[in-house]
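Only one structure is covered here, and it is reproduced in the block below.
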Amino acid sequence: MEDLELIIRPEDYSLLTDLYQLTMAACYVGEGLDQRRASFELSVRRLPKEFGYLIAMGLAQVLEYLENFQFGEAQILALQSTGIFEQAPERFWTRLKEGRFEGDVWAVPEGTAVFANEPLLRIEAPLWQAQLVETYLLNTINYQTLVATRAARMRDVAGKDAILFEFGTRRAFSPQGSIWAARSALAGGLDATSNVLAAVKLDRKPVGTMAHSLVMALSAIEGTESGAFATFHRYFPGAPLLIDTYDTIAAAETLSKQLKAGEIELAGVRIDSGDLLDLSKKVRSLLPGVSIFASGDLDEYRIAELRANGACIDGYGLGTQLVTGAPVNGVYKLVEIDGIPVMKEATGKVTYPGRKQIFRQAGVRDRLGLATEDPKGEIPLLQLVFKQGERMSEPETIAQIRDRAWKNVQSLPESARQLESPIALPVELSEALSELTDRTRHRSKSV
């Protein structure tokens with residue numbers, strides 16, 4: 001019977017995957033390869049257009065997923081009922097029933113700036129397990145990294161002191177996506193979210209003002225826009241007001257008179273449409289002590305333009321352009337099996353073999369080398385966060401991740417941070433990795 005609720009529960013994590021992950025796992029079991037030690041790395045071949053860096057995000061949800069990864073009786077029965085696995089070996093079902101994720105995870109900390117071809121994480125586990133987790137890992141890391149990067153770019157452009165709110169719930173790709181988007185936005189540099197559930201789950205206070213519908217409805221009943229504002233303040237004293245429903249300047253003039261007369265208190269006003277540059281300057285002249293908040297399909301480019309032209313805006317509400325956009329196309333590729341380095345050689349999709357490490361010389365360059373290499377005065381970025389199916393430390397807070405993201409972006413050269421034609425930090429291959437790549441390529445051609 002069709003389940004219209006479509007709620008994702010931890011017990012269903014194992015089925016939240018692409019079919020071919022399961023068919024491959026069945027093949028591995030049938031051929032006796034399922035327990036071979038495999039290493040897969042998740043990386044991005046190319047940065048999205050006009051991005052000079054990415055901010056890694058989503059690791060917290062990856063680890064929570066791996067902790068809960070298992071196949072219960074209901075999930076196994078659901079798979080068997082499809083009829084697809086009729087020829088699968090009986091040991092496949094035993095493997096699923098008894099399996100828990102028992103591998104290791106190496107990852108860059110959330111909030112770290114990364115570049116093309118650098119592994120954001122590496123899974124080292126029995127082959128069938130490392131294979132099955134691919135889809136979920138890509139889903140959470142690709143999307144959260146996109147939102148976190150947009151948030152970091154917006155924070156960088158707006159400056160450290162600007163107020164930035166996440167308003168993207170209605171534009172996110174799903175209800176679950178909206179929660180992840182809110183988390184990623186906060187960790188990437190924003191101050192608060194309007195998503196009440198996300199705020200509660202993240203131990204934050206939700207933020208917001210009002211919609212035009214409230215102003216229109218109360219104006220119709222009360223007789224004036226000013227009456228609508230007064231009614232709203234009866235229940236939420238001093239709260240910010242949305243002033244562009246009818247005439248932004250007229251509304252500001254009325255509020256100015258009321259403030260001077262001591263009739264109201266006002267924390268701020270929001271402008272959601274019109275010429276934000278011109279309107280913000282006029283509203284500032286009328287309400288000099290009141291914070292001005294702008295919204296309406298804003299992105300980092302529009303924020304930069306407004307600031308460059310002297311807009312009198314103290315904060316920004318960010319929605320559509322924050323939680324949507326060109327995707328982060330992360331890929332998850334096998335790099336080693338049973339200690340044997342492997343690589344993909346398809347045109348335009350070449351991967352580097354072997355387990356790797358990112359060695360960073362802050363603000364100068366990255367060196368992509370083998371995990372067995374030693375740093376040369378550099379900082380190794382990939383850390384062991386999960387060992388034999390167990391966490392190595394407690395989850396980080398949003399504040400810790402946000403601070404790391406800010407410091408990482410500020411450490412980058414201006415050329416990588418610029419919005420137009422950015423130049424990513426150079427990523428050099430170590431001599432050892434280059435030699436391994438040549439040997440692996442030669443071996444595959446000689447087979």
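Naming scheme: A, B, ... for chains in displayed order of the structure tokens; residues 1 onward per chain; ligands 1 onward as shown.
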
Taking only residues of segment 291-406 of chain A that have an atom at most 12 Å from an atom of segment 243-260 of chain A, what is each one's shortest atom pair and its distance in Å to one decimal, using only C-alpha atoms, in chain and number order, as JSON lines?
```
{"residue": "A:Ile292", "atom": "CA", "partner": "A:Ile243", "partner_atom": "CA", "distance": 10.4}
{"residue": "A:Phe293", "atom": "CA", "partner": "A:Ile243", "partner_atom": "CA", "distance": 10.5}
{"residue": "A:Ala294", "atom": "CA", "partner": "A:Asp244", "partner_atom": "CA", "distance": 10.6}
{"residue": "A:Ser295", "atom": "CA", "partner": "A:Asp244", "partner_atom": "CA", "distance": 11.0}
{"residue": "A:Gly296", "atom": "CA", "partner": "A:Asp244", "partner_atom": "CA", "distance": 11.5}
```

Those residues with C-alpha atoms, as a short mmCIF file (atom, residue, chain, number, x, y, z; two decimals), in the first residue's frame please?
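Okay, this is what ended up in out.cif:
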```
data_model
loop_
_atom_site.label_atom_id
_atom_site.label_comp_id
_atom_site.auth_asym_id
_atom_site.auth_seq_id
_atom_site.Cartn_x
_atom_site.Cartn_y
_atom_site.Cartn_z
CA ILE A 292 16.72 48.72 8.27
CA PHE A 293 16.38 45.17 7.02
CA ALA A 294 16.20 44.26 3.33
CA SER A 295 14.94 41.12 1.59
CA GLY A 296 13.68 39.97 -1.79
#
```

Note to self: Considering only strand (DSSP E or B) as DSSP defines it on the backbone, what residues of segment 44-283 of chain A qualify? List them as number ranges by chain.
What the structure shows: A: 44, 54-55, 104-107, 113-114, 121-126, 163-166, 192-193, 241-242, 268-271

Checklist line | Pick from A:Ala346, A:Gly72, A:Asn329, A:Asn117, whichever lies nearest to Gly369 of chain A using only C-alpha atoms | finding: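 Using only C-alpha atoms, the shortest distance to Gly369 of chain A belongs to A:Asn117.
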
Check: Got a sec: who's within 6 Å of Val105 of chain A, counting only C-alpha atoms, leaving out chain neighbours fewer than 4 positions off, as a PyMOL selection string?
Finding: chain A and resi 122-123+384-386

Enumerate, in order of chain and increasing residue number, the residues of segment 150-241 of chain A with an atom no farther than 12 Å from segment 36-51 of chain A, each with its shortest atom pair and distance in Å to one decimal, counting only C-alpha atoms, as JSON lines.
```
{"residue": "A:Arg150", "atom": "CA", "partner": "A:Phe51", "partner_atom": "CA", "distance": 9.2}
{"residue": "A:Ala152", "atom": "CA", "partner": "A:Phe51", "partner_atom": "CA", "distance": 11.3}
{"residue": "A:Arg153", "atom": "CA", "partner": "A:Phe51", "partner_atom": "CA", "distance": 9.1}
```

Compile the contact shell of Leu242 of chain A as a PDB file with N, CA and C atoms, in the first residue's frame: residues with an atom at most 8 Å away, counting only C-alpha atoms, same-chain residues fewer than 5 positions apart removed.
```pdb
ATOM      1  N   THR A 209       9.510  38.734  10.800  1.00  0.00           N
ATOM      2  CA  THR A 209       8.703  39.941  10.988  1.00  0.00           C
ATOM      3  C   THR A 209       7.238  39.604  10.750  1.00  0.00           C
ATOM      4  N   MET A 210       6.765  39.848   9.538  1.00  0.00           N
ATOM      5  CA  MET A 210       5.377  39.597   9.161  1.00  0.00           C
ATOM      6  C   MET A 210       5.322  39.512   7.650  1.00  0.00           C
ATOM      7  N   ALA A 211       4.189  39.082   7.119  1.00  0.00           N
ATOM      8  CA  ALA A 211       3.980  39.057   5.672  1.00  0.00           C
ATOM      9  C   ALA A 211       3.068  40.214   5.268  1.00  0.00           C
ATOM     10  N   HIS A 212       3.048  40.505   3.976  1.00  0.00           N
ATOM     11  CA  HIS A 212       2.169  41.565   3.472  1.00  0.00           C
ATOM     12  C   HIS A 212       0.705  41.240   3.739  1.00  0.00           C
ATOM     13  N   VAL A 269      12.683  48.015  10.696  1.00  0.00           N
ATOM     14  CA  VAL A 269      11.725  47.927   9.591  1.00  0.00           C
ATOM     15  C   VAL A 269      12.339  47.063   8.494  1.00  0.00           C
ATOM     16  N   ARG A 270      11.455  46.405   7.734  1.00  0.00           N
ATOM     17  CA  ARG A 270      11.919  45.573   6.626  1.00  0.00           C
ATOM     18  C   ARG A 270      11.340  46.087   5.318  1.00  0.00           C
ATOM     19  N   ILE A 271      12.193  46.136   4.289  1.00  0.00           N
ATOM     20  CA  ILE A 271      11.781  46.505   2.935  1.00  0.00           C
ATOM     21  C   ILE A 271      12.007  45.292   2.053  1.00  0.00           C
ATOM     22  N   ASP A 272      10.958  44.866   1.355  1.00  0.00           N
ATOM     23  CA  ASP A 272      11.022  43.615   0.602  1.00  0.00           C
ATOM     24  C   ASP A 272      10.920  43.813  -0.914  1.00  0.00           C
TER      25      ASP A 272
END
```

Margin query: Just checking: using only C-alpha atoms, which residue out of A:Glu110, A:Glu336, A:Glu305, A:Asp403 ends up closest to Gly189 of chain A?
Written below: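 Of all the options, A:Asp403 lies closest to Gly189 of chain A.
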
At most 10 Å is the cut-off: for each residue in segment 29-146 of chain A with any atom that close to an atom of segment 7-23 of chain A, write down the nearest atom pair and the distance in Å rounded to one decimal, counting only C-alpha atoms, chain first then increasing number, as a tab-separated table.
```
residue	atom	partner	partner_atom	distance
A:Val29	CA	A:Thr23	CA	10.0
A:Glu64	CA	A:Pro10	CA	9.1
A:Tyr65	CA	A:Tyr13	CA	6.9
A:Leu66	CA	A:Tyr13	CA	8.9
A:Glu67	CA	A:Pro10	CA	9.6
A:Asn68	CA	A:Pro10	CA	6.2
A:Phe69	CA	A:Ser14	CA	5.8
A:Gln70	CA	A:Ser14	CA	5.9
A:Phe71	CA	A:Ser14	CA	6.0
A:Gly72	CA	A:Glu11	CA	7.2
A:Ala74	CA	A:Asp12	CA	9.1
A:Gln75	CA	A:Leu15	CA	7.0
A:Ile76	CA	A:Leu15	CA	9.2
A:Ala78	CA	A:Leu15	CA	9.2
A:Leu79	CA	A:Leu15	CA	8.6
A:Ile84	CA	A:Thr23	CA	8.7
A:Phe85	CA	A:Thr23	CA	7.8
A:Ala88	CA	A:Thr23	CA	8.4
A:Phe92	CA	A:Leu22	CA	9.7
A:Leu96	CA	A:Ser14	CA	9.4
A:Trp128	CA	A:Leu22	CA	8.6
A:Gln129	CA	A:Gln21	CA	9.6
A:Ala130	CA	A:Gln21	CA	9.7
A:Gln131	CA	A:Gln21	CA	6.2
A:Leu132	CA	A:Gln21	CA	5.2
A:Val133	CA	A:Thr17	CA	7.5
A:Glu134	CA	A:Thr17	CA	7.7
A:Thr135	CA	A:Thr17	CA	5.2
A:Tyr136	CA	A:Thr17	CA	6.3
A:Leu137	CA	A:Thr17	CA	9.7
A:Asn139	CA	A:Thr17	CA	9.7
```

Margin query: I need the residues in segment 57-273 of chain A that are helix (DSSP H, G or I) according to DSSP; give them as a PyMOL selection string.
Written below: chain A and resi 59-68+73-81+90-98+127-132+134-158+175-188+196-201+212-222+225-235+248-260

Note to self: For segment 279-291 of chain A, find every residue with an atom within 6 Å (counting only C-alpha atoms), except residues of its own chain fewer than 6 positions away, and show them as a list in words.
What the structure shows: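 Counting only C-alpha atoms, the residues come to Ser256, Gly268, Cys312 and Asp314 of chain A.
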
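Computed from the coordinates, the atom CA of Leu121 of chain A to atom CA of Ser415 of chain A distance equals 26.0 Å.
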
Margin query: Please list as a ChimeraX atom specification every residue within 8 Å of Arg365 of chain A, counting only C-alpha atoms and excluding residues in the same chain fewer than 2 positions away.
Written below: /A:360-363,367,425-428

Next item on the list: Would you kindly return, as a VMD selection string, each protein, DNA or RNA residue with an atom no farther than 12 Å from any atom of Lys205 of chain A, considering only C-alpha atoms and excluding same-chain residues fewer than 3 positions away?
Entry: chain A and resid 165 186 191 to 202 208

Take the residues that were just selected and, keeping all heavy atoms, output them as an mmCIF file, in the first residue's frame.
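The resulting file, selection.cif, is shown below:
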```cif
data_model
loop_
_atom_site.group_PDB
_atom_site.id
_atom_site.type_symbol
_atom_site.label_atom_id
_atom_site.label_comp_id
_atom_site.auth_asym_id
_atom_site.auth_seq_id
_atom_site.Cartn_x
_atom_site.Cartn_y
_atom_site.Cartn_z
ATOM 1 N N PHE A 165 19.914 36.847 8.026
ATOM 2 C CA PHE A 165 18.926 35.848 8.424
ATOM 3 C C PHE A 165 18.627 34.897 7.267
ATOM 4 O O PHE A 165 18.570 35.323 6.108
ATOM 5 C CB PHE A 165 17.620 36.510 8.861
ATOM 6 C CG PHE A 165 17.715 37.278 10.152
ATOM 7 C CD1 PHE A 165 16.785 38.264 10.440
ATOM 8 C CD2 PHE A 165 18.709 37.018 11.077
ATOM 9 C CE1 PHE A 165 16.848 38.977 11.627
ATOM 10 C CE2 PHE A 165 18.790 37.725 12.268
ATOM 11 C CZ PHE A 165 17.854 38.712 12.547
ATOM 12 N N LEU A 186 23.513 28.697 8.977
ATOM 13 C CA LEU A 186 24.020 29.188 10.257
ATOM 14 C C LEU A 186 25.494 28.836 10.425
ATOM 15 O O LEU A 186 26.302 29.665 10.854
ATOM 16 C CB LEU A 186 23.209 28.583 11.401
ATOM 17 C CG LEU A 186 21.733 28.981 11.487
ATOM 18 C CD1 LEU A 186 21.052 28.240 12.630
ATOM 19 C CD2 LEU A 186 21.569 30.477 11.660
ATOM 20 N N ASP A 191 23.212 34.513 10.947
ATOM 21 C CA ASP A 191 22.950 34.719 12.371
ATOM 22 C C ASP A 191 21.770 33.940 12.916
ATOM 23 O O ASP A 191 21.770 33.549 14.092
ATOM 24 C CB ASP A 191 22.717 36.215 12.634
ATOM 25 C CG ASP A 191 23.944 37.047 12.332
ATOM 26 O OD1 ASP A 191 24.948 36.889 13.040
ATOM 27 O OD2 ASP A 191 23.916 37.833 11.373
ATOM 28 N N ALA A 192 20.740 33.741 12.102
ATOM 29 C CA ALA A 192 19.528 33.093 12.609
ATOM 30 C C ALA A 192 18.688 32.617 11.436
ATOM 31 O O ALA A 192 18.932 32.973 10.287
ATOM 32 C CB ALA A 192 18.728 34.066 13.484
ATOM 33 N N THR A 193 17.679 31.804 11.752
ATOM 34 C CA THR A 193 16.779 31.276 10.735
ATOM 35 C C THR A 193 15.336 31.541 11.117
ATOM 36 O O THR A 193 14.994 31.616 12.304
ATOM 37 C CB THR A 193 16.983 29.753 10.555
ATOM 38 O OG1 THR A 193 16.038 29.250 9.597
ATOM 39 C CG2 THR A 193 16.795 29.002 11.862
ATOM 40 N N SER A 194 14.488 31.651 10.096
ATOM 41 C CA SER A 194 13.051 31.810 10.337
ATOM 42 C C SER A 194 12.367 30.458 10.499
ATOM 43 O O SER A 194 11.205 30.394 10.888
ATOM 44 C CB SER A 194 12.402 32.567 9.180
ATOM 45 O OG SER A 194 12.454 31.807 7.979
ATOM 46 N N ASN A 195 13.074 29.370 10.187
ATOM 47 C CA ASN A 195 12.512 28.027 10.273
ATOM 48 C C ASN A 195 12.411 27.622 11.743
ATOM 49 O O ASN A 195 13.425 27.370 12.400
ATOM 50 C CB ASN A 195 13.400 27.048 9.498
ATOM 51 C CG ASN A 195 12.795 25.660 9.381
ATOM 52 O OD1 ASN A 195 12.360 25.082 10.372
ATOM 53 N ND2 ASN A 195 12.786 25.125 8.175
ATOM 54 N N VAL A 196 11.196 27.548 12.243
ATOM 55 C CA VAL A 196 10.994 27.317 13.674
ATOM 56 C C VAL A 196 11.508 25.943 14.092
ATOM 57 O O VAL A 196 12.186 25.809 15.118
ATOM 58 C CB VAL A 196 9.507 27.470 14.044
ATOM 59 C CG1 VAL A 196 9.292 27.182 15.529
ATOM 60 C CG2 VAL A 196 9.023 28.882 13.710
ATOM 61 N N LEU A 197 11.208 24.908 13.311
ATOM 62 C CA LEU A 197 11.665 23.572 13.673
ATOM 63 C C LEU A 197 13.187 23.491 13.670
ATOM 64 O O LEU A 197 13.786 22.921 14.594
ATOM 65 C CB LEU A 197 11.087 22.539 12.698
ATOM 66 C CG LEU A 197 11.511 21.085 12.942
ATOM 67 C CD1 LEU A 197 11.107 20.626 14.342
ATOM 68 C CD2 LEU A 197 10.916 20.172 11.872
ATOM 69 N N ALA A 198 13.814 24.072 12.648
ATOM 70 C CA ALA A 198 15.276 24.061 12.597
ATOM 71 C C ALA A 198 15.859 24.805 13.788
ATOM 72 O O ALA A 198 16.832 24.346 14.411
ATOM 73 C CB ALA A 198 15.759 24.693 11.296
ATOM 74 N N ALA A 199 15.275 25.954 14.116
ATOM 75 C CA ALA A 199 15.772 26.737 15.245
ATOM 76 C C ALA A 199 15.658 25.952 16.546
ATOM 77 O O ALA A 199 16.584 25.926 17.357
ATOM 78 C CB ALA A 199 15.004 28.053 15.343
ATOM 79 N N VAL A 200 14.530 25.287 16.744
ATOM 80 C CA VAL A 200 14.333 24.506 17.966
ATOM 81 C C VAL A 200 15.334 23.355 18.040
ATOM 82 O O VAL A 200 15.952 23.105 19.080
ATOM 83 C CB VAL A 200 12.884 23.981 18.028
ATOM 84 C CG1 VAL A 200 12.728 22.953 19.149
ATOM 85 C CG2 VAL A 200 11.904 25.131 18.228
ATOM 86 N N LYS A 201 15.506 22.641 16.930
ATOM 87 C CA LYS A 201 16.435 21.515 16.911
ATOM 88 C C LYS A 201 17.880 21.960 17.124
ATOM 89 O O LYS A 201 18.694 21.214 17.674
ATOM 90 C CB LYS A 201 16.306 20.750 15.591
ATOM 91 C CG LYS A 201 15.058 19.879 15.497
ATOM 92 C CD LYS A 201 15.019 19.119 14.196
ATOM 93 C CE LYS A 201 13.876 18.124 14.170
ATOM 94 N NZ LYS A 201 14.059 17.016 15.143
ATOM 95 N N LEU A 202 18.200 23.166 16.677
ATOM 96 C CA LEU A 202 19.565 23.673 16.784
ATOM 97 C C LEU A 202 19.757 24.559 18.014
ATOM 98 O O LEU A 202 20.789 25.210 18.159
ATOM 99 C CB LEU A 202 19.937 24.454 15.517
ATOM 100 C CG LEU A 202 19.938 23.620 14.224
ATOM 101 C CD1 LEU A 202 20.081 24.522 13.010
ATOM 102 C CD2 LEU A 202 21.048 22.581 14.257
ATOM 103 N N GLY A 208 11.910 36.642 12.540
ATOM 104 C CA GLY A 208 10.992 36.982 11.459
ATOM 105 C C GLY A 208 10.222 38.249 11.773
ATOM 106 O O GLY A 208 10.295 38.782 12.893
#
```
